[in-house]
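Next comes start-v6.cif, a file with mmCIF, C-alpha atoms.
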data_coords
loop_
_atom_site.label_atom_id
_atom_site.label_comp_id
_atom_site.auth_asym_id
_atom_site.auth_seq_id
_atom_site.Cartn_x
_atom_site.Cartn_y
_atom_site.Cartn_z
CA MET A 1 117.29 85.33 118.90
CA LYS A 2 117.12 84.91 115.14
CA ALA A 3 114.27 84.82 112.64
CA LEU A 4 113.73 84.56 108.92
CA LEU A 5 111.23 86.66 107.00
CA ILE A 6 110.21 85.59 103.51
CA CYS A 7 108.96 88.35 101.24
CA PRO A 8 106.08 87.47 98.94
CA SER A 9 107.22 87.82 95.34
CA ILE A 10 104.45 87.41 92.77
CA ARG A 11 100.80 87.06 93.72
CA PRO A 12 98.71 86.77 90.54
CA ALA A 13 95.45 87.56 92.31
CA VAL A 14 96.58 91.08 93.22
CA PRO A 15 98.87 92.19 90.37
CA HIS A 16 98.30 95.91 90.78
CA LEU A 17 99.54 96.00 94.36
CA SER A 18 103.08 95.32 93.21
CA GLU A 19 103.10 98.12 90.64
CA PHE A 20 104.40 100.58 93.19
CA GLY A 21 107.06 98.35 94.72
CA PRO A 22 107.66 94.94 96.25
CA LEU A 23 104.66 93.51 98.08
CA ALA A 24 106.69 93.36 101.29
CA THR A 25 106.97 97.13 101.31
CA THR A 26 103.36 97.86 100.36
CA PRO A 27 102.16 100.35 102.95
CA ILE A 28 99.57 99.21 105.42
CA LEU A 29 98.45 101.71 108.04
CA GLY A 30 101.65 103.68 107.97
CA ASP A 31 104.26 100.97 107.56
CA GLY A 32 105.19 98.27 105.08
CA ILE A 33 104.20 94.68 105.69
CA ALA A 34 107.84 93.91 106.42
CA GLY A 35 107.94 96.75 108.94
CA HIS A 36 104.95 95.37 110.81
CA TRP A 37 106.52 91.91 110.94
CA ILE A 38 109.93 93.15 112.03
CA GLU A 39 108.31 95.13 114.81
CA ARG A 40 106.40 92.04 115.95
CA LEU A 41 109.47 89.79 115.82
CA ALA A 42 111.47 92.38 117.74
CA VAL A 43 108.80 92.41 120.45
CA LEU A 44 109.03 88.61 120.57
CA GLY A 45 112.77 88.88 121.20
CA ALA A 46 114.35 88.65 117.75
CA ARG A 47 117.62 90.56 117.46
CA GLU A 48 118.85 89.21 114.15
CA ILE A 49 116.47 88.97 111.24
CA GLN A 50 117.24 87.73 107.75
CA VAL A 51 114.85 88.97 105.09
CA ILE A 52 114.65 86.85 101.95
CA ALA A 53 113.56 88.89 98.94
CA ALA A 54 112.89 87.14 95.67
CA SER A 55 112.28 90.31 93.75
CA ARG A 56 113.45 93.89 93.97
CA ASP A 57 115.65 93.20 96.99
CA ASP A 58 117.15 96.70 96.66
CA ARG A 59 113.73 98.21 97.38
CA VAL A 60 113.26 95.88 100.34
CA LEU A 61 116.68 96.84 101.67
CA ALA A 62 115.88 100.52 101.26
CA ALA A 63 112.65 100.03 103.21
CA VAL A 64 113.99 98.05 106.16
CA GLY A 65 117.53 99.41 106.30
CA ASP A 66 119.85 97.85 108.83
CA GLY A 67 117.07 97.38 111.38
CA ALA A 68 118.31 100.05 113.81
CA ARG A 69 114.83 101.54 113.78
CA TRP A 70 113.53 98.44 115.54
CA GLY A 71 116.67 97.69 117.56
CA VAL A 72 117.49 94.61 115.51
CA ARG A 73 120.12 93.65 112.98
CA ILE A 74 118.74 92.97 109.52
CA SER A 75 120.31 91.43 106.48
CA VAL A 76 118.50 91.17 103.17
CA ILE A 77 119.20 88.08 101.11
CA ALA A 78 118.41 88.16 97.38
CA SER A 79 116.85 84.99 96.07
CA ASN A 80 115.90 83.96 92.55
CA VAL A 81 112.60 82.48 93.63
CA GLU A 82 110.47 82.83 96.71
CA PRO A 83 111.32 79.86 98.91
CA THR A 84 108.69 77.96 100.84
CA ARG A 85 108.98 77.83 104.59
CA GLU A 86 110.52 74.37 104.35
CA GLU A 87 113.01 75.37 101.66
CA ALA A 88 114.06 78.42 103.67
CA ALA A 89 114.54 76.26 106.76
CA GLU A 90 116.73 73.84 104.84
CA ARG A 91 118.80 76.57 103.24
CA TYR A 92 119.17 79.19 105.94
CA ARG A 93 118.49 77.57 109.26
CA PRO A 94 120.98 74.91 110.28
CA LYS A 95 119.25 72.03 112.03
CA GLY A 96 119.51 72.16 115.78
CA GLU A 97 121.12 75.58 115.82
CA PRO A 98 120.15 77.35 119.04
CA GLY A 99 119.09 80.98 119.30
CA TRP A 100 116.07 80.97 117.00
CA LEU A 101 112.62 82.20 117.89
CA PRO A 102 110.24 79.32 118.53
CA ALA A 103 108.00 78.22 115.65
CA PRO A 104 106.03 79.57 113.92
CA HIS A 105 107.91 82.85 114.36
CA ASP A 106 111.31 81.43 113.48
CA ILE A 107 110.41 81.49 109.76
CA VAL A 108 107.60 83.69 108.57
CA VAL A 109 106.14 84.00 105.10
CA MET A 110 104.66 87.48 104.99
CA SER A 111 101.36 86.44 103.46
CA HIS A 112 99.34 87.83 106.34
CA LEU A 113 99.79 90.46 109.03
CA PRO A 114 101.12 89.56 112.48
CA GLY A 115 98.45 87.94 114.61
CA CYS A 116 95.99 87.70 111.72
CA PRO A 117 96.64 84.37 109.97
CA GLN A 118 92.92 84.07 109.33
CA PHE A 119 93.14 87.06 107.01
CA PRO A 120 95.41 86.24 104.06
CA LEU A 121 96.57 89.37 102.27
CA PHE A 122 97.11 88.32 98.70
CA GLU A 123 94.34 85.92 97.69
CA SER A 124 92.18 88.68 96.23
CA TYR A 125 91.68 92.40 96.55
CA ALA A 126 88.70 91.69 98.80
CA CYS A 127 90.98 89.61 101.06
CA TRP A 128 93.51 92.44 101.09
CA PHE A 129 90.93 94.95 102.20
CA ALA A 130 89.43 92.57 104.77
CA ALA A 131 92.90 91.99 106.24
CA LEU A 132 93.53 95.73 106.51
CA ALA A 133 90.17 96.34 108.13
CA ALA A 134 90.87 93.59 110.65
CA TRP A 135 94.34 94.99 111.31
CA MET A 136 93.11 98.51 112.07
CA PRO A 137 92.49 97.97 115.81
CA LEU A 138 95.79 96.10 116.15
CA ALA A 139 97.99 98.57 114.31
CA LEU A 140 98.31 101.03 117.15
CA THR A 141 101.46 99.54 118.64
CA PRO A 142 103.61 101.33 121.26
CA ALA A 143 106.08 102.19 118.50
CA ARG A 144 103.45 104.24 116.73
CA VAL A 145 103.73 107.38 118.83
CA ARG A 146 102.10 109.80 116.40
CA VAL A 147 98.82 107.94 115.99
CA LYS A 148 96.13 108.12 118.65
CA GLU A 149 92.66 106.70 118.97
CA ALA A 150 90.84 110.02 119.03
CA ARG A 151 87.43 108.43 119.46
CA PRO A 152 86.47 104.76 119.60
CA GLY A 153 87.37 103.29 116.24
CA ILE A 154 88.93 106.47 114.87
CA TRP A 155 92.71 106.42 114.68
CA ILE A 156 94.38 109.60 113.61
CA SER A 157 97.90 110.89 113.35
CA SER A 158 98.81 113.99 115.30
CA ARG A 159 100.26 115.39 112.09
CA ALA A 160 97.08 114.89 110.06
CA ARG A 161 95.03 117.95 109.22
CA VAL A 162 91.32 117.28 109.36
CA SER A 163 88.94 120.14 108.74
CA PRO A 164 86.46 120.74 111.56
CA ALA A 165 83.81 120.61 108.85
CA ALA A 166 84.84 117.10 107.81
CA GLU A 167 83.17 114.01 109.20
CA LEU A 168 85.06 110.94 110.41
CA ILE A 169 83.01 107.79 110.89
CA ALA A 170 84.39 104.77 112.79
CA PRO A 171 86.19 102.67 111.97
CA CYS A 172 88.71 104.73 110.10
CA TRP A 173 92.43 105.35 110.04
CA VAL A 174 93.88 108.75 109.15
CA GLY A 175 97.61 108.46 108.60
CA ASP A 176 100.53 110.81 108.99
CA GLN A 177 100.34 114.18 107.20
CA VAL A 178 96.98 113.31 105.70
CA VAL A 179 94.75 116.23 104.75
CA VAL A 180 90.98 115.91 104.96
CA GLU A 181 89.28 118.98 103.63
CA ALA A 182 85.99 120.55 104.66
CA GLY A 183 82.80 118.66 104.00
CA ALA A 184 84.61 115.39 103.33
CA VAL A 185 83.25 112.18 104.82
CA VAL A 186 85.79 109.52 105.78
CA GLY A 187 84.52 106.13 106.90
CA GLY A 188 83.21 103.84 108.00
CA GLY A 189 85.86 101.39 107.03
CA ALA A 190 88.21 103.93 105.48
CA ILE A 191 91.98 103.83 105.61
CA LEU A 192 93.92 106.89 104.49
CA GLU A 193 97.61 106.15 104.18
CA ASP A 194 100.29 108.74 104.87
CA ARG A 195 100.27 112.02 102.95
CA SER A 196 97.01 111.31 101.16
CA VAL A 197 94.53 114.11 100.55
CA VAL A 198 90.77 113.88 100.59
CA GLY A 199 89.33 116.90 98.84
CA ALA A 200 86.44 119.07 99.91
CA ARG A 201 83.11 117.23 99.99
CA ALA A 202 84.66 113.98 98.82
CA SER A 203 83.75 110.73 100.52
CA VAL A 204 85.77 107.60 101.25
CA THR A 205 83.92 104.56 102.55
CA GLN A 206 84.97 100.91 102.86
CA SER A 207 88.11 101.81 100.99
CA TRP A 208 91.85 102.10 101.24
CA VAL A 209 93.57 105.20 99.88
CA GLY A 210 97.26 104.66 99.23
CA PRO A 211 100.04 107.03 100.26
CA ASP A 212 100.55 110.28 98.35
CA THR A 213 97.19 109.93 96.68
CA SER A 214 94.76 112.74 96.08
CA VAL A 215 91.05 111.99 96.13
CA GLY A 216 89.60 114.96 94.34
CA PRO A 217 86.94 117.31 95.65
CA MET A 218 83.40 115.98 95.45
CA THR A 219 84.42 112.51 94.34
CA SER A 220 83.29 109.30 96.00
CA VAL A 221 85.60 106.37 96.63
CA ALA A 222 83.60 103.38 97.84
CA ASN A 223 84.52 99.68 98.13
CA SER A 224 87.79 100.41 96.43
CA LEU A 225 91.55 100.54 96.69
CA ALA A 226 92.79 103.87 95.38
CA TRP A 227 96.48 104.38 94.82
CA GLY A 228 97.82 107.04 92.51
CA SER A 229 95.43 107.14 89.60
CA THR A 230 94.56 103.45 89.93
CA LEU A 231 91.16 102.59 91.32
CA ILE A 232 90.39 98.95 92.07
CA ASP A 233 86.92 97.83 93.03
CA TRP A 234 87.73 95.13 95.58
CA ARG A 235 84.33 93.50 95.14
CA THR A 236 84.69 92.91 91.42
CA ASP A 237 88.47 93.25 90.84
CA SER A 238 87.68 95.81 88.18
CA VAL A 239 90.56 98.22 87.63
CA LEU A 240 90.18 101.76 86.39
CA ARG A 241 93.04 104.07 85.47
CA VAL A 242 91.40 107.36 86.25
CA PRO A 243 92.15 109.62 83.29
CA ASP A 244 91.61 112.96 85.00
CA PRO A 245 93.95 113.92 87.85
CA PHE A 246 91.42 116.19 89.48
CA LEU A 247 89.39 113.09 90.31
CA LEU A 248 92.16 110.82 91.54
CA CYS A 249 95.91 111.05 91.15
CA SER A 250 99.29 110.53 92.67
CA LEU A 251 100.81 113.51 94.42
CA VAL A 252 104.38 112.47 93.82
CA LYS A 253 104.40 113.11 90.10
CA PRO A 254 106.06 116.30 88.87
CA ARG A 255 103.68 119.18 88.76
CA SER A 256 103.21 122.00 86.32
CA ALA A 257 104.77 125.28 87.39
CA ALA A 258 102.11 127.20 85.50
CA THR A 259 99.39 126.48 87.98
CA THR A 260 99.79 127.41 91.58
CA ASP A 261 97.05 125.81 93.59
CA ARG A 262 95.87 122.23 93.70
CA TYR A 263 92.46 122.89 92.25
CA GLY A 264 93.97 124.98 89.51
CA ARG A 265 96.34 122.18 88.62
CA ALA A 266 93.59 119.63 88.63
CA LEU A 267 91.16 121.70 86.65
CA GLY A 268 93.90 122.69 84.26
CA THR A 269 93.82 119.17 82.93
CA LEU A 270 90.34 119.64 81.54
CA GLY A 271 90.20 120.81 77.99
CA THR A 272 88.13 123.96 78.14
CA PRO A 273 86.62 126.22 80.78
CA GLU A 274 83.24 125.06 79.50
CA ALA A 275 84.14 121.43 80.14
CA GLN A 276 85.39 122.33 83.62
CA GLY A 277 82.20 124.17 84.47
CA THR A 278 80.01 121.40 83.16
CA LEU A 279 81.70 118.69 85.15
CA ILE A 280 81.75 120.73 88.33
CA SER A 281 78.02 121.32 87.89
CA ALA A 282 77.56 117.59 87.43
CA LEU A 283 79.49 116.81 90.58
CA ARG A 284 77.55 119.39 92.54
CA ALA A 285 74.24 118.09 91.25
CA SER A 286 75.08 114.57 92.35
CA MET A 287 76.44 115.77 95.69
CA ASP A 288 73.21 117.61 96.39
CA ARG A 289 71.52 114.25 96.45
CA THR A 290 73.66 113.22 99.40
CA PRO A 291 72.04 114.86 102.44
CA ASN A 292 74.96 114.66 104.88
CA LEU A 293 77.23 116.38 102.41
CA LYS A 294 74.72 118.96 101.40
CA LEU A 295 74.89 120.49 104.86
CA SER A 296 78.32 121.94 104.31
CA ARG A 297 77.63 123.05 100.76
CA LEU A 298 77.58 126.76 101.48
CA ALA A 299 80.85 126.71 103.35
CA GLN A 300 82.41 124.69 100.59
CA ASP A 301 81.26 126.95 97.84
CA LYS A 302 83.17 129.70 99.55
CA ALA A 303 86.26 127.53 99.76
CA LEU A 304 86.03 126.60 96.10
CA MET B 1 78.18 106.19 66.98
CA LYS B 2 74.71 105.00 66.01
CA ILE B 3 71.51 106.90 66.83
CA GLU B 4 68.15 105.27 66.26
CA ASN B 5 64.79 106.88 66.85
CA GLN B 6 62.42 104.10 67.91
CA GLY B 7 59.18 105.93 68.52
CA GLU B 8 59.33 107.32 72.03
CA CYS B 9 62.76 105.90 72.65
CA LEU B 10 65.97 107.39 71.35
CA SER B 11 68.64 104.74 71.29
CA ILE B 12 72.32 105.66 71.13
CA SER B 13 74.89 102.93 70.72
CA GLU B 14 78.25 101.97 69.20
CA ILE B 15 80.14 104.46 71.35
CA HIS B 16 83.68 103.17 71.57
CA GLU B 17 84.97 106.04 73.64
CA LEU B 18 83.65 109.31 74.94
CA THR B 19 86.46 111.78 75.41
CA ALA B 20 87.55 115.31 74.66
CA GLN B 21 88.09 114.13 71.08
CA ASN B 22 84.48 113.25 70.34
CA SER B 23 82.29 114.60 73.13
CA ALA B 24 81.37 117.72 71.14
CA ILE B 25 80.28 115.55 68.20
CA PHE B 26 78.30 113.36 70.59
CA ARG B 27 76.53 116.41 72.02
CA ASP B 28 75.73 117.87 68.61
CA GLU B 29 74.44 114.64 67.11
CA VAL B 30 72.31 113.77 70.12
CA GLN B 31 71.01 117.32 70.29
CA ALA B 32 69.94 117.08 66.65
CA ALA B 33 68.13 113.81 67.34
CA LEU B 34 66.22 115.30 70.28
CA SER B 35 63.87 117.20 67.98
CA GLY B 36 61.46 114.24 68.12
CA SER B 37 60.98 114.82 71.88
CA PRO B 38 61.62 111.24 73.03
CA ALA B 39 60.28 110.08 76.40
CA VAL B 40 63.22 107.74 76.95
CA ILE B 41 66.85 108.03 75.95
CA GLU B 42 68.93 104.87 76.13
CA ILE B 43 72.68 105.14 75.82
CA ASN B 44 74.28 101.78 75.29
CA LEU B 45 77.73 101.86 76.88
CA SER B 46 78.51 98.18 76.41
CA LYS B 47 81.19 99.02 73.84
CA THR B 48 82.53 102.10 75.57
CA ARG B 49 86.01 101.27 76.75
CA PHE B 50 87.19 104.73 77.73
CA MET B 51 85.60 107.87 79.05
CA ASP B 52 87.14 110.99 80.54
CA SER B 53 85.79 114.11 82.17
CA SER B 54 84.76 115.57 78.82
CA GLY B 55 82.70 112.45 78.17
CA LEU B 56 81.15 112.69 81.61
CA GLY B 57 80.46 116.34 80.92
CA ALA B 58 78.66 115.42 77.69
CA LEU B 59 76.48 112.93 79.55
CA PHE B 60 75.71 115.52 82.19
CA ALA B 61 74.84 118.11 79.58
CA LEU B 62 72.37 115.62 78.11
CA TYR B 63 70.95 114.95 81.59
CA ARG B 64 70.51 118.66 82.18
CA ALA B 65 68.87 119.26 78.82
CA THR B 66 66.46 116.31 78.98
CA ALA B 67 65.95 114.48 82.26
CA LYS B 68 66.24 117.48 84.56
CA ARG B 69 64.22 119.94 82.48
CA HIS B 70 61.68 117.75 80.74
CA GLY B 71 61.50 114.58 82.81
CA VAL B 72 62.91 112.41 80.06
CA ILE B 73 64.06 109.01 81.34
CA LEU B 74 67.77 108.69 80.72
CA ARG B 75 69.18 105.17 80.84
CA LEU B 76 72.75 103.98 80.59
CA LEU B 77 72.81 100.40 79.36
CA ASN B 78 75.42 97.82 80.29
CA PRO B 79 78.39 100.03 81.14
CA MET B 80 81.66 98.14 81.37
CA PRO B 81 82.98 97.74 84.92
CA GLU B 82 85.59 100.47 84.44
CA ILE B 83 82.99 102.94 83.21
CA GLN B 84 80.71 101.97 86.08
CA GLN B 85 83.62 102.73 88.44
CA LEU B 86 84.09 106.14 86.85
CA LEU B 87 80.37 106.89 87.20
CA GLU B 88 80.53 105.88 90.85
CA LEU B 89 83.69 107.89 91.51
CA THR B 90 82.01 111.02 90.20
CA GLN B 91 78.67 110.06 91.78
CA MET B 92 77.03 110.42 88.41
CA GLN B 93 75.38 107.03 88.80
CA GLN B 94 72.88 108.91 90.97
CA LEU B 95 71.76 110.97 88.00
CA PHE B 96 71.18 108.15 85.57
CA GLU B 97 69.21 104.94 85.53
CA ILE B 98 71.84 102.27 84.99
CA VAL B 99 70.37 99.13 83.49
CA ARG B 100 71.92 95.77 82.69
CA ARG B 101 70.15 93.60 80.13
#

I need this file expressed as structure tokens, please.
Amino acid sequence: MKALLICPSIRPAVPHLSEFGPLATTPILGDGIAGHWIERLAVLGAREIQVIAASRDDRVLAAVGDGARWGVRISVIASNVEPTREEAAERYRPKGEPGWLPAPHDIVVMSHLPGCPQFPLFESYACWFAALAAWMPLALTPARVRVKEARPGIWISSRARVSPAAELIAPCWVGDQVVVEAGAVVGGGAILEDRSVVGARASVTQSWVGPDTSVGPMTSVANSLAWGSTLIDWRTDSVLRVPDPFLLCSLVKPRSAATTDRYGRALGTLGTPEAQGTLISALRASMDRTPNLKLSRLAQDKAL
Amino acid sequence: MKIENQGECLSISEIHELTAQNSAIFRDEVQAALSGSPAVIEINLSKTRFMDSSGLGALFALYRATAKRHGVILRLLNPMPEIQQLLELTQMQQLFEIVRR
């Protein structure tokens, strides 16, 4: 059976999501949007999938490969503009040709996740987050062997490292190779993508943390999308480029060889030891006002 | 930066950025203006487009020297959304009264 997947190209309402790559490869609970769709189409019986990419087709090709991972054959077609469903049908699907998946899965515009048409992804950042939150219970497909539902509403990769002194509150998703340090609070409504790090006594609530992103110790990410050093408040669409890496940063940037540990690197970005001490005091003072975090204060002070 | 002493209220405004470049000046100038022992300090952040950890540190130093020790009311007025995000990220919004007017 054949199917066509149309990659979203430009979505003006969510410009910052495409800064890290094509929207079709934006990671959602451990896989790109295209990956989720290919998996779904493969389950429905597709064996040959054409992916139409209107921008950065090389990145799309790199993400989906030849399809062997899903047991399908994939070809990526570069297009100047994103075709509509009708245009794609006219151009790529000969009328009456047998062997196509039945509609609507014969031609799919990846503007929502499989099975969630009521949650459009790209109409606003709030829509994006709502779609991800709705997708959380559906994302644990048989192909996802490393992730388990540890407790009701808490999905966690077997390769994640969560401190026993951290607190996970349902619903939350802890991706592959994620590190959650002691005293951190993750959830409810938190999604930590692969290889992200939540520092000691930090909190993440109603938020999505992108892959390879470090949420610094004692910081609070709430109602936001955090990816690299970009922090987007999904309620207001306000975007902050966090200037100090020890608060929020990407972990894939080159690091200084002069500093050896993560805290040292982060704190090394502050101008003076006095400035470092002052800000840490400020963070501690504000954390002390949060009772559930205060409990692990002593243990954390030792760690720090 | 503009500092006005309005009786019991010390008003600080026209702060375009609060960073490692100017946070020491901010601290010194505000410290000098504290001699009048104001009951309220209002920092107008409506024009502050950029703040980093040094700027946050300067605000915290002011909090520690006034609100925490002497019960002075410390208000941040009209922070821009990005600055509000930074205050929330560092949980410093819990230390200050943030007012929009």

On this structure, which residues satisfy the PyMOL selection byres ((chain B and resi 32-37) around 12), written as a VMD selection string? chain B and resid 2 to 12 25 to 31 38 to 41 62 65 to 67 70 to 73

Writer output for current selection, C-alpha atoms, as a short mmCIF file (atom, residue, chain, number, x, y, z; two decimals), keeping the file's coordinate frame:
data_model
loop_
_atom_site.label_atom_id
_atom_site.label_comp_id
_atom_site.auth_asym_id
_atom_site.auth_seq_id
_atom_site.Cartn_x
_atom_site.Cartn_y
_atom_site.Cartn_z
CA LYS B 2 74.71 105.00 66.01
CA ILE B 3 71.51 106.90 66.83
CA GLU B 4 68.15 105.27 66.26
CA ASN B 5 64.79 106.88 66.85
CA GLN B 6 62.42 104.10 67.91
CA GLY B 7 59.18 105.93 68.52
CA GLU B 8 59.33 107.32 72.03
CA CYS B 9 62.76 105.90 72.65
CA LEU B 10 65.97 107.39 71.35
CA SER B 11 68.64 104.74 71.29
CA ILE B 12 72.32 105.66 71.13
CA ILE B 25 80.28 115.55 68.20
CA PHE B 26 78.30 113.36 70.59
CA ARG B 27 76.53 116.41 72.02
CA ASP B 28 75.73 117.87 68.61
CA GLU B 29 74.44 114.64 67.11
CA VAL B 30 72.31 113.77 70.12
CA GLN B 31 71.01 117.32 70.29
CA PRO B 38 61.62 111.24 73.03
CA ALA B 39 60.28 110.08 76.40
CA VAL B 40 63.22 107.74 76.95
CA ILE B 41 66.85 108.03 75.95
CA LEU B 62 72.37 115.62 78.11
CA ALA B 65 68.87 119.26 78.82
CA THR B 66 66.46 116.31 78.98
CA ALA B 67 65.95 114.48 82.26
CA HIS B 70 61.68 117.75 80.74
CA GLY B 71 61.50 114.58 82.81
CA VAL B 72 62.91 112.41 80.06
CA ILE B 73 64.06 109.01 81.34
#

Select residues of chain B: the criterion is any atom within 6 Å of an atom of chain A, counting all atoms listed in the file; output as number ranges by chain. B: 52, 57, 60, 82, 89-91

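Interatomic distance, CA of Gly71 (chain A) against CA of Gly45 (chain A): 10.3 Å.
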
Just give me the gap between CA of Cys116 (chain A) and CA of Trp37 (chain A) in Å, one decimal is fine. 11.4 Å

Which residues are close to Gly175 (chain A), i.e. within 6 Å by all atoms listed in the file, leaving aside same-chain residues fewer than 2 positions away? Reply as JSON, numbers by chain. {"A": [157, 178, 192, 193, 194]}

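Take the PyMOL selection byres ((chain B and resi 51) around 6) and apply it to this file: it picks Glu17, Leu18, Thr19, Phe50, Asp52 and Gly55 of chain B.
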
So which residues touch Asn78 (chain B) within 7 Å, counting only C-alpha atoms, skipping near sequence neighbours fewer than 5 positions away, as number ranges by chain? B: 44-46, 99-101

Can you work out the spacing between CA of Val76 (chain A) and CA of Ala131 (chain A) in Å, to one decimal? 25.8 Å

Suppose a student applies the PyMOL selection byres ((chain A and resi 209) around 7) to this structure; what residues should they get, written as a ChimeraX atom specification? /A:191-193,207-208,210-211,213,225-227

Taking (113.6, 84.1, 105.4) in the coordinates of the supplied file, I want to know which residues reach to within 12 Å of it, counting only C-alpha atoms; could you give the answer as a PyMOL selection string? chain A and resi 2-8+34+37-38+48-54+74-79+81-93+105-110

May I have the residues at most 12 Å from (98.4, 101.9, 112.3) in the file's coordinates, counting only C-alpha atoms, as a ChimeraX atom specification? /A:27-33,35-36,113,132-149,153-157,172-176,191-194

Using 3 Å of padding on each side, determine the axis-aligned box around all atoms of region 4-11 of chain B present in the file and give its centre and edge lengths in Å to one decimal, as lines of an AutoDock Vina configuration file.
center_x = 63.9
center_y = 105.7
center_z = 69.5
size_x = 15.5
size_y = 9.3
size_z = 12.4
